[in-house]
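Report on the structure given below.
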Amino acid sequence: MAKVPAGHWVPYVEAFVDVSRSPAEHSASVVALAALVNKDKLTLFDLVSKMDMYLTTTDHIVRSRGIMLLGEIMSQISLKWLDVNAVTTLSDFFISRLSDWQALRGALVGCLALLQREPSVGTIMIADVKRLVESLIDYIPVQSLAAADRKLCFQIICCVLDHYPEAVKTMDDELLIWICQSIDEEKDPECLKLSFHLVEVVMKLFSDPSGLASQFASDLFELLSKYFPVYFTHGAGDNVGLTRDELSRTLMHAFCASPYFEPFAIPLLLDKLSSSLPLAKLDSLKYLDNCIRCYGADRMVSHTSAIWFKLKEVIFSLSSDQLLSTGSPKDAEKIKNQIVSEAKNCLKTAVTCIHSTDRDIFINLILLDEDIVNNIHSVTTEEKSICRSSNDLNQLQSLGSVISIIAESSTYFCTRVFQAHFTRLVDILGSSAGFKSQHLNICNGSSSAAFNYGALYLSVQMLSSCREVAVASRGDFPPVKSAKESWWLILEEKLDLFIHLLGKLLSIDSQPIQSAVTQKYVSCTVKGLLILATFPEHCSLLLANAYEYILLMLTSVVARKYENIHLWRLSLETLTSIGKFTVESRASKKEMIYNSIVVDKIIPLAKSCNTSMPLNLRFEACFEIGTTGVNEGMECAEYVAHLIDCYSSQLLPWLFTSGGVNELALSFAMRLWDEIRNVATLDRIRSQGLLDSLMMGMKFLVGVCTEEQQSLIVQKACSIISSMLSLPVKSVMHDLSSVEELVPAHSIQDTALVCLLSSVIVGLRPQTHVPDMIMMINLFSVFLLNGQIPAAHALASIFNKYLHNSEFSDENKLDKILDVILGRCFSIVLASSTLKMSHSSAATSDDANCSGMSASICLRIDILCGLAWIGKGLLMRGDEKVKDISMFLLKCLVLNQVSVGIPPHQEEHSDNVSLNASLATSAADAFHVMMSDSEVCLNKKFHARIKLLYKQRFFSILMPIFLSKIKETPAMTTKLVLYRAFGHIISNAPVSAVITEAHQILLVMVDILAKLSVDIQDKDLVYSLLLVLSGMLMDDKGKECVLENIHIIVGVLTQLVSYPHMMVVRETALQCFVAMSSFPHSKVYRMRPQVLRAAIKALDDTKRAVRQEAVRCRQTWYENYILLGVDNLALWALSSYFPVGNHHLLRGAFSCNDIIVWELTGHIMLVVSIEFWMERSFQMKSKEPLKSRECLGIENRWNYIA
């Protein structure tokens, strides 16, 4: 490639060296020079040769700027291949400059650029890396440098340790000493993050017991401990691209880097647990949890007692009053709960990870703990006393959590817990209820016995734990059954008694009067029944009669005890969970029992007139049971689906027109979002196909509300979305370059959430305030670029209404965001198409190519459809940016034409032709989306901005463009796509606008009808165009254009009379013939045989409406042209009399194509076939009389008509 003369690039060097120039000019110089090097228009040798003066001068300012320029250029050409000599030369230069403190920054930049190069493009030698590290140690006191230079030093040493560990593995303790000195007293957040990572890497690198890590562990941890816990004092305006959590996480990884930190880290963390600062407690628990996992059981076993006592103190004794909090009491309570939850997680990790030769050491420490023993004793000796205060209840819940954590850890621990407590707890519960019998009987009466809530709660918690153990030990469960005194045998022994106790407890809450105490009893009871009914099949203890008993109890509550809504809903939720578990576990016998007991009794409630249960509860029960997935429940699911469809498509639109229902709509929408918060509900909505109906319903609900009410709904939706969405939306706030990886194909929940959020946005009024608009636009953009059309609806509504938001006080900002979205969409649609062909996938298999091509086509088609919706929003409000989308769609229409020029032997030719054809067809359909009226988005019901005459204007702009492209296009495949797109524009434009331009487009429109009538996929478009043509036939100006091309139009209509794909097309074509019968005879008389043949053929049509229209058409044409005559057009007039029998004065003769009509005196018309007239033509010339009997003697040739 030709080299650029020095005179062209040397000014860039001079501009960078000149300190008086602006930073923008300096950056532009680096970019320009790097581009020349990357494009091989400037070699590094020439660059360095010309810069020699700037690199070696004694003027330290010029020298530092020259070295900095070379370093920056090296950063910009990191992907350009360099040979080993060039890399070595540059390495020698930059390493030598590390001793030049006045030009240090440029040398650091250059060294880092060399270290970050990939091996495939030429990388630095290991020996040079070692020399670089030695120079750092010898010449650079890091803490004496500015923050930017310190950061570069940390980046360099981290890069060396991460990618070139062999260069430093043999170094002595000077490296560790230098690292300690470099880290000490560091305060910059970004430098701290790098220094923490540096400690983590170096401790892992020198992990040998006799290595440097063990020698320097104390010194390094002393440096780290100064920063624990991390306090972040930087404000939002400090431009620190780092959060406290990120910095704290990096420090935690440093703490966990080596087991040599254990003697120092564990005491520090346990000591910090006594702090009154919530942040210190939380971080201590998180760090302790990770350190236990990383240090290993051998090192942690000595800390067992200390860990337990500290965690016990937090779990049982922590109160919000002990925490220093500047917030409200509610905030303090929330922080306390967060700390306790973290302590429980840490305890679970300790129980699971800390093992020793004596495996009972930890469980004995907990089970024999004096406080634990006293707590269990207190809750099992006093009936209901545990519920007298919230503190007692908290103690019970903490105790239950600790017991559950131990029991869930392993089969052995579960057995130990059951041996110690379960039998006694069940006996206490039975004695408190006064229950003696152990036979299965349904308890129908209520009980006033004083059940021991503490025993009940702990029993259910232990039951839940053993279920988790059973699930985890699926393959190793047979030994559990056979083991002596295992938890399974203990539970089996007490099972019948426990089930009947739960059944009796369930009857406590049978009265409408409710209290917090009874609700706790019943909630715990129902949880126990659910656990028993959902034990894994391989270890289920329930016999068929016990399973039936549980279902009968719960079904009886749902069917009869609806007065107590708390009990009713708990029972319904439990039945639903049991049904779903039965289906998922494929337990066919249990599924049959569930069908006969639950489904057969609950589903009829929806239609029953013999129950006093409120209708809303019956529908709710029907819905919940119907969505379990049980086969016999599908009827119920379909019933609910039809109900929601009716609500969305009929009731809500009626409310919309009636008005005065704002509060009802607001309440319904808010309740629906509360339900969506439950992931299980969202999954049921999606799995049963209810999402589309709920989306439409949400649009109507939001559309009815006022601006203030809509703001409440938006805030509710945004809060739920932000808490449930797994997509890191903030990561694409300013960059949509890698969104394909952000929404995986299996992210069904995220897709459903975004679809429902889009429904809210679609229904908003233009003046409604929308928070976090940038986040929302980016969220919808991500899903649009992954082919989700509801996201396009939302974006179209946003850009159509320019929704009220302080972030977009200037419309130019929203326009810039729109440009980014459109640019990204354009690039994805055209990627790997003919316009941008890529051959990088040639090595993949054929099957993979087919699969990838199919997915690629689908994605591009969906994005094209999304672009059409955005274009529709812009078009309706009269925005000029619709031109960009229109021109892009026109470019896609002619992709097939571009494909024609590709040599067929190319490997990807057929794939690209298929892709381009699909894109062209989709682009044609996109014009239909832009021009047609829509019920799902952008209409008056949903408060869209609609500019007057926008369709006429769009039609007038595009018409000459399409006519020109159709005329210039030789390829029929491309022309068909253009026909389809232009047909959509014509059929959706107002008829008056089309008639105005009829003289230009009529023939094209008729040709479109003829060409598109071949493909069944275009039947709707054919019908729409036919309606436009029928409108022309009824307009005076349209008639003039039709008469000029009557023979072509009749020919096409004749074809459409036999159109096989749609009955209304055949019917409308015949109606067009009827309308044409009123045209002047001189213009249409020659078309009569063709029309009559088509009408007669239609008499045999399979559809009655077509046959009726055919009869009308034939009759109209016969009457108009046989009885009434046509415009008195004489073929010739006979001046002399023409005697016919005794008649005189034949006044004229008129032709009607294949017949001749004489009008005789006495108002009698004589009709003779043209063939008969020709036979007698010589007689006429010789004035021989034509005898009437001769005419009468020829049957079917002529007749008298009165």
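Following the order of the structure tokens, chains are lettered A, B, ..., residues in each are numbered from 1, and ligands are numbered from 1.
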
Which residues are close to Val199 of chain A, i.e. within 8 Å by only C-alpha atoms, leaving aside same-chain residues fewer than 4 positions away? Reply as a PDB file with all heavy atoms, in the first residue's frame.
ATOM      1  N   SER A 195      -4.883  -2.908  43.551  1.00  0.00           N
ATOM      2  CA  SER A 195      -3.955  -3.415  44.567  1.00  0.00           C
ATOM      3  C   SER A 195      -4.529  -4.623  45.288  1.00  0.00           C
ATOM      4  O   SER A 195      -3.802  -5.566  45.609  1.00  0.00           O
ATOM      5  CB  SER A 195      -3.599  -2.310  45.561  1.00  0.00           C
ATOM      6  OG  SER A 195      -4.759  -1.889  46.272  1.00  0.00           O
ATOM      7  N   MET A 203      -0.675 -13.971  46.110  1.00  0.00           N
ATOM      8  CA  MET A 203      -0.800 -15.014  47.131  1.00  0.00           C
ATOM      9  C   MET A 203      -1.107 -16.373  46.492  1.00  0.00           C
ATOM     10  O   MET A 203      -0.669 -17.413  46.991  1.00  0.00           O
ATOM     11  CB  MET A 203      -1.895 -14.641  48.123  1.00  0.00           C
ATOM     12  CG  MET A 203      -1.563 -13.455  49.020  1.00  0.00           C
ATOM     13  SD  MET A 203      -0.081 -13.696  50.036  1.00  0.00           S
ATOM     14  CE  MET A 203      -0.646 -14.943  51.184  1.00  0.00           C
ATOM     15  N   LEU A 220       1.125  -8.607  54.319  1.00  0.00           N
ATOM     16  CA  LEU A 220       0.112  -8.267  53.323  1.00  0.00           C
ATOM     17  C   LEU A 220      -1.271  -8.141  53.968  1.00  0.00           C
ATOM     18  O   LEU A 220      -2.038  -7.238  53.626  1.00  0.00           O
ATOM     19  CB  LEU A 220       0.087  -9.328  52.220  1.00  0.00           C
ATOM     20  CG  LEU A 220       1.261  -9.296  51.240  1.00  0.00           C
ATOM     21  CD1 LEU A 220       1.246 -10.521  50.342  1.00  0.00           C
ATOM     22  CD2 LEU A 220       1.204  -8.029  50.387  1.00  0.00           C
ATOM     23  N   ALA A 254      -9.460 -10.879  47.965  1.00  0.00           N
ATOM     24  CA  ALA A 254      -8.091 -10.838  48.476  1.00  0.00           C
ATOM     25  C   ALA A 254      -7.999 -11.550  49.826  1.00  0.00           C
ATOM     26  O   ALA A 254      -7.041 -12.285  50.103  1.00  0.00           O
ATOM     27  CB  ALA A 254      -7.617  -9.395  48.596  1.00  0.00           C
ATOM     28  N   ALA A 257      -7.842 -15.255  49.295  1.00  0.00           N
ATOM     29  CA  ALA A 257      -6.875 -15.701  48.296  1.00  0.00           C
ATOM     30  C   ALA A 257      -5.999 -16.834  48.780  1.00  0.00           C
ATOM     31  O   ALA A 257      -5.573 -17.683  47.993  1.00  0.00           O
ATOM     32  CB  ALA A 257      -6.007 -14.518  47.858  1.00  0.00           C
TER      33      ALA A 257
END

Applying 12 Å and only C-alpha atoms, which residues near Ile602 of chain A remain after dropping the ones on its own chain fewer than 2 positions away? List them as JSON, numbers by chain. {"A": [551, 552, 554, 555, 556, 557, 558, 559, 560, 572, 575, 576, 594, 595, 596, 597, 598, 599, 600, 604, 605, 606, 607, 608, 611, 613, 617, 618, 619, 620, 621, 622, 623, 624, 625, 626, 632, 633, 635, 636]}

From A:Leu919, A:Met68, A:Ala796, A:Leu889, residue lying nearest Met876 of chain A [only C-alpha atoms]: A:Ala796

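Minimum distance to Pro278 of chain A across A:Glu333, A:Asp83, A:Glu185, A:Asp1035 (counting only C-alpha atoms) occurs at A:Glu333.
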
Can you measure atom CA of Lys965 of chain A to atom CA of Ile1001 of chain A for me? One decimal in Å is fine.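 Separating atom CA of Lys965 of chain A from atom CA of Ile1001 of chain A is a distance of 13.2 Å.
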
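With only C-alpha atoms as the atoms that count, the residue of A:Thr996, A:Gln322, A:Ser797, A:Ser225 with the shortest distance to Ile777 of chain A is A:Ser797.
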
Can you list, as an mmCIF file with all heavy atoms, in the first residue's frame, every protein, DNA or RNA residue that comes within 12 Å of Leu365 of chain A when you count only C-alpha atoms, leaving out same-chain residues fewer than 5 positions away?
data_model
loop_
_atom_site.group_PDB
_atom_site.id
_atom_site.type_symbol
_atom_site.label_atom_id
_atom_site.label_comp_id
_atom_site.auth_asym_id
_atom_site.auth_seq_id
_atom_site.Cartn_x
_atom_site.Cartn_y
_atom_site.Cartn_z
ATOM 1 N N THR A 304 -14.321 -23.294 65.312
ATOM 2 C CA THR A 304 -15.715 -23.720 65.330
ATOM 3 C C THR A 304 -16.499 -23.071 66.459
ATOM 4 O O THR A 304 -17.576 -22.499 66.254
ATOM 5 C CB THR A 304 -15.795 -25.251 65.440
ATOM 6 O OG1 THR A 304 -15.091 -25.837 64.353
ATOM 7 C CG2 THR A 304 -17.247 -25.704 65.391
ATOM 8 N N SER A 305 -15.969 -23.162 67.660
ATOM 9 C CA SER A 305 -16.702 -22.627 68.816
ATOM 10 C C SER A 305 -16.882 -21.119 68.701
ATOM 11 O O SER A 305 -17.980 -20.581 68.942
ATOM 12 C CB SER A 305 -15.953 -22.963 70.112
ATOM 13 O OG SER A 305 -15.879 -24.358 70.291
ATOM 14 N N ALA A 306 -15.828 -20.434 68.334
ATOM 15 C CA ALA A 306 -15.913 -18.968 68.229
ATOM 16 C C ALA A 306 -16.928 -18.555 67.175
ATOM 17 O O ALA A 306 -17.710 -17.612 67.369
ATOM 18 C CB ALA A 306 -14.539 -18.394 67.907
ATOM 19 N N ILE A 307 -16.914 -19.263 66.037
ATOM 20 C CA ILE A 307 -17.870 -18.932 64.970
ATOM 21 C C ILE A 307 -19.289 -19.156 65.443
ATOM 22 O O ILE A 307 -20.181 -18.319 65.233
ATOM 23 C CB ILE A 307 -17.560 -19.778 63.715
ATOM 24 C CG1 ILE A 307 -16.245 -19.330 63.083
ATOM 25 C CG2 ILE A 307 -18.696 -19.658 62.692
ATOM 26 C CD1 ILE A 307 -15.782 -20.212 61.932
ATOM 27 N N TRP A 308 -19.566 -20.291 66.083
ATOM 28 C CA TRP A 308 -20.936 -20.584 66.525
ATOM 29 C C TRP A 308 -21.437 -19.549 67.516
ATOM 30 O O TRP A 308 -22.556 -19.046 67.402
ATOM 31 C CB TRP A 308 -21.003 -21.982 67.125
ATOM 32 C CG TRP A 308 -22.212 -22.198 68.002
ATOM 33 C CD1 TRP A 308 -22.239 -22.501 69.319
ATOM 34 C CD2 TRP A 308 -23.589 -22.087 67.622
ATOM 35 N NE1 TRP A 308 -23.515 -22.592 69.795
ATOM 36 C CE2 TRP A 308 -24.378 -22.342 68.757
ATOM 37 C CE3 TRP A 308 -24.226 -21.787 66.407
ATOM 38 C CZ2 TRP A 308 -25.761 -22.311 68.746
ATOM 39 C CZ3 TRP A 308 -25.620 -21.757 66.393
ATOM 40 C CH2 TRP A 308 -26.372 -22.017 67.535
ATOM 41 N N PHE A 309 -20.596 -19.216 68.517
ATOM 42 C CA PHE A 309 -21.071 -18.280 69.537
ATOM 43 C C PHE A 309 -21.323 -16.881 68.954
ATOM 44 O O PHE A 309 -22.281 -16.203 69.354
ATOM 45 C CB PHE A 309 -20.075 -18.218 70.692
ATOM 46 C CG PHE A 309 -20.069 -19.455 71.549
ATOM 47 C CD1 PHE A 309 -18.918 -20.220 71.668
ATOM 48 C CD2 PHE A 309 -21.216 -19.872 72.209
ATOM 49 C CE1 PHE A 309 -18.911 -21.369 72.444
ATOM 50 C CE2 PHE A 309 -21.221 -21.021 72.984
ATOM 51 C CZ PHE A 309 -20.069 -21.790 73.101
ATOM 52 N N LYS A 312 -24.522 -17.230 66.819
ATOM 53 C CA LYS A 312 -25.691 -17.383 67.709
ATOM 54 C C LYS A 312 -26.095 -16.030 68.283
ATOM 55 O O LYS A 312 -27.290 -15.714 68.390
ATOM 56 C CB LYS A 312 -25.345 -18.364 68.829
ATOM 57 C CG LYS A 312 -26.496 -18.617 69.791
ATOM 58 C CD LYS A 312 -26.096 -19.558 70.913
ATOM 59 C CE LYS A 312 -25.131 -18.868 71.869
ATOM 60 N NZ LYS A 312 -24.857 -19.675 73.069
ATOM 61 N N VAL A 351 -21.639 -25.251 58.826
ATOM 62 C CA VAL A 351 -22.078 -26.619 59.107
ATOM 63 C C VAL A 351 -21.719 -27.534 57.931
ATOM 64 O O VAL A 351 -21.336 -28.697 58.126
ATOM 65 C CB VAL A 351 -23.596 -26.648 59.377
ATOM 66 C CG1 VAL A 351 -24.117 -28.075 59.459
ATOM 67 C CG2 VAL A 351 -23.918 -25.898 60.654
ATOM 68 N N ASP A 358 -13.978 -36.135 63.926
ATOM 69 C CA ASP A 358 -15.163 -36.292 64.778
ATOM 70 C C ASP A 358 -16.284 -35.471 64.162
ATOM 71 O O ASP A 358 -16.372 -34.270 64.374
ATOM 72 C CB ASP A 358 -14.852 -35.808 66.191
ATOM 73 C CG ASP A 358 -16.054 -35.984 67.132
ATOM 74 O OD1 ASP A 358 -17.054 -36.617 66.693
ATOM 75 O OD2 ASP A 358 -15.992 -35.491 68.266
ATOM 76 N N ARG A 359 -17.138 -36.131 63.393
ATOM 77 C CA ARG A 359 -18.162 -35.383 62.667
ATOM 78 C C ARG A 359 -19.268 -34.857 63.567
ATOM 79 O O ARG A 359 -20.125 -34.103 63.103
ATOM 80 C CB ARG A 359 -18.761 -36.238 61.555
ATOM 81 C CG ARG A 359 -19.465 -37.514 62.027
ATOM 82 C CD ARG A 359 -20.038 -38.242 60.844
ATOM 83 N NE ARG A 359 -20.678 -39.503 61.226
ATOM 84 C CZ ARG A 359 -21.342 -40.286 60.381
ATOM 85 N NH1 ARG A 359 -21.434 -39.932 59.113
ATOM 86 N NH2 ARG A 359 -21.897 -41.412 60.794
ATOM 87 N N ASP A 360 -19.277 -35.253 64.818
ATOM 88 C CA ASP A 360 -20.301 -34.773 65.749
ATOM 89 C C ASP A 360 -19.896 -33.482 66.444
ATOM 90 O O ASP A 360 -20.684 -32.926 67.211
ATOM 91 C CB ASP A 360 -20.580 -35.830 66.824
ATOM 92 C CG ASP A 360 -21.327 -37.025 66.256
ATOM 93 O OD1 ASP A 360 -22.061 -36.836 65.271
ATOM 94 O OD2 ASP A 360 -21.179 -38.134 66.797
ATOM 95 N N GLU A 370 -26.410 -24.635 75.677
ATOM 96 C CA GLU A 370 -27.345 -24.374 76.784
ATOM 97 C C GLU A 370 -28.509 -23.496 76.348
ATOM 98 O O GLU A 370 -29.664 -23.738 76.719
ATOM 99 C CB GLU A 370 -26.577 -23.722 77.942
ATOM 100 C CG GLU A 370 -27.438 -23.495 79.180
ATOM 101 C CD GLU A 370 -26.641 -22.879 80.327
ATOM 102 O OE1 GLU A 370 -25.403 -22.720 80.178
ATOM 103 O OE2 GLU A 370 -27.246 -22.552 81.357
ATOM 104 N N ASP A 371 -28.223 -22.477 75.533
ATOM 105 C CA ASP A 371 -29.296 -21.579 75.083
ATOM 106 C C ASP A 371 -30.278 -22.309 74.171
ATOM 107 O O ASP A 371 -31.488 -22.083 74.247
ATOM 108 C CB ASP A 371 -28.701 -20.384 74.345
ATOM 109 C CG ASP A 371 -27.875 -19.493 75.263
ATOM 110 O OD1 ASP A 371 -28.186 -19.450 76.470
ATOM 111 O OD2 ASP A 371 -26.923 -18.863 74.770
ATOM 112 N N ILE A 372 -29.764 -23.184 73.309
ATOM 113 C CA ILE A 372 -30.647 -23.935 72.418
ATOM 114 C C ILE A 372 -31.534 -24.872 73.225
ATOM 115 O O ILE A 372 -32.748 -24.967 72.992
ATOM 116 C CB ILE A 372 -29.823 -24.724 71.385
ATOM 117 C CG1 ILE A 372 -29.021 -23.774 70.489
ATOM 118 C CG2 ILE A 372 -30.720 -25.629 70.538
ATOM 119 C CD1 ILE A 372 -29.845 -22.893 69.603
ATOM 120 N N VAL A 373 -30.942 -25.580 74.172
ATOM 121 C CA VAL A 373 -31.721 -26.510 75.004
ATOM 122 C C VAL A 373 -32.802 -25.754 75.768
ATOM 123 O O VAL A 373 -33.961 -26.194 75.847
ATOM 124 C CB VAL A 373 -30.780 -27.265 75.968
ATOM 125 C CG1 VAL A 373 -31.586 -28.090 76.972
ATOM 126 C CG2 VAL A 373 -29.827 -28.147 75.180
ATOM 127 N N ILE A 406 -29.166 -27.214 60.316
ATOM 128 C CA ILE A 406 -28.419 -28.423 60.687
ATOM 129 C C ILE A 406 -28.999 -29.637 59.981
ATOM 130 O O ILE A 406 -28.274 -30.437 59.370
ATOM 131 C CB ILE A 406 -28.463 -28.629 62.219
ATOM 132 C CG1 ILE A 406 -27.859 -27.430 62.928
ATOM 133 C CG2 ILE A 406 -27.720 -29.898 62.601
ATOM 134 C CD1 ILE A 406 -28.038 -27.460 64.423
#

Looking at only C-alpha atoms, which of A:Tyr562, A:Tyr521, A:Tyr1118, A:Phe927 is the one that sits closest to Pro614 of chain A?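 That would be A:Tyr562, the residue with the smallest distance to Pro614 of chain A.
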
Any idea what's packed within 9 Å of Ile124 of chain A, counting only C-alpha atoms, ignoring anything in its chain fewer than 3 positions away? Could you give it as a count of residues only? 11
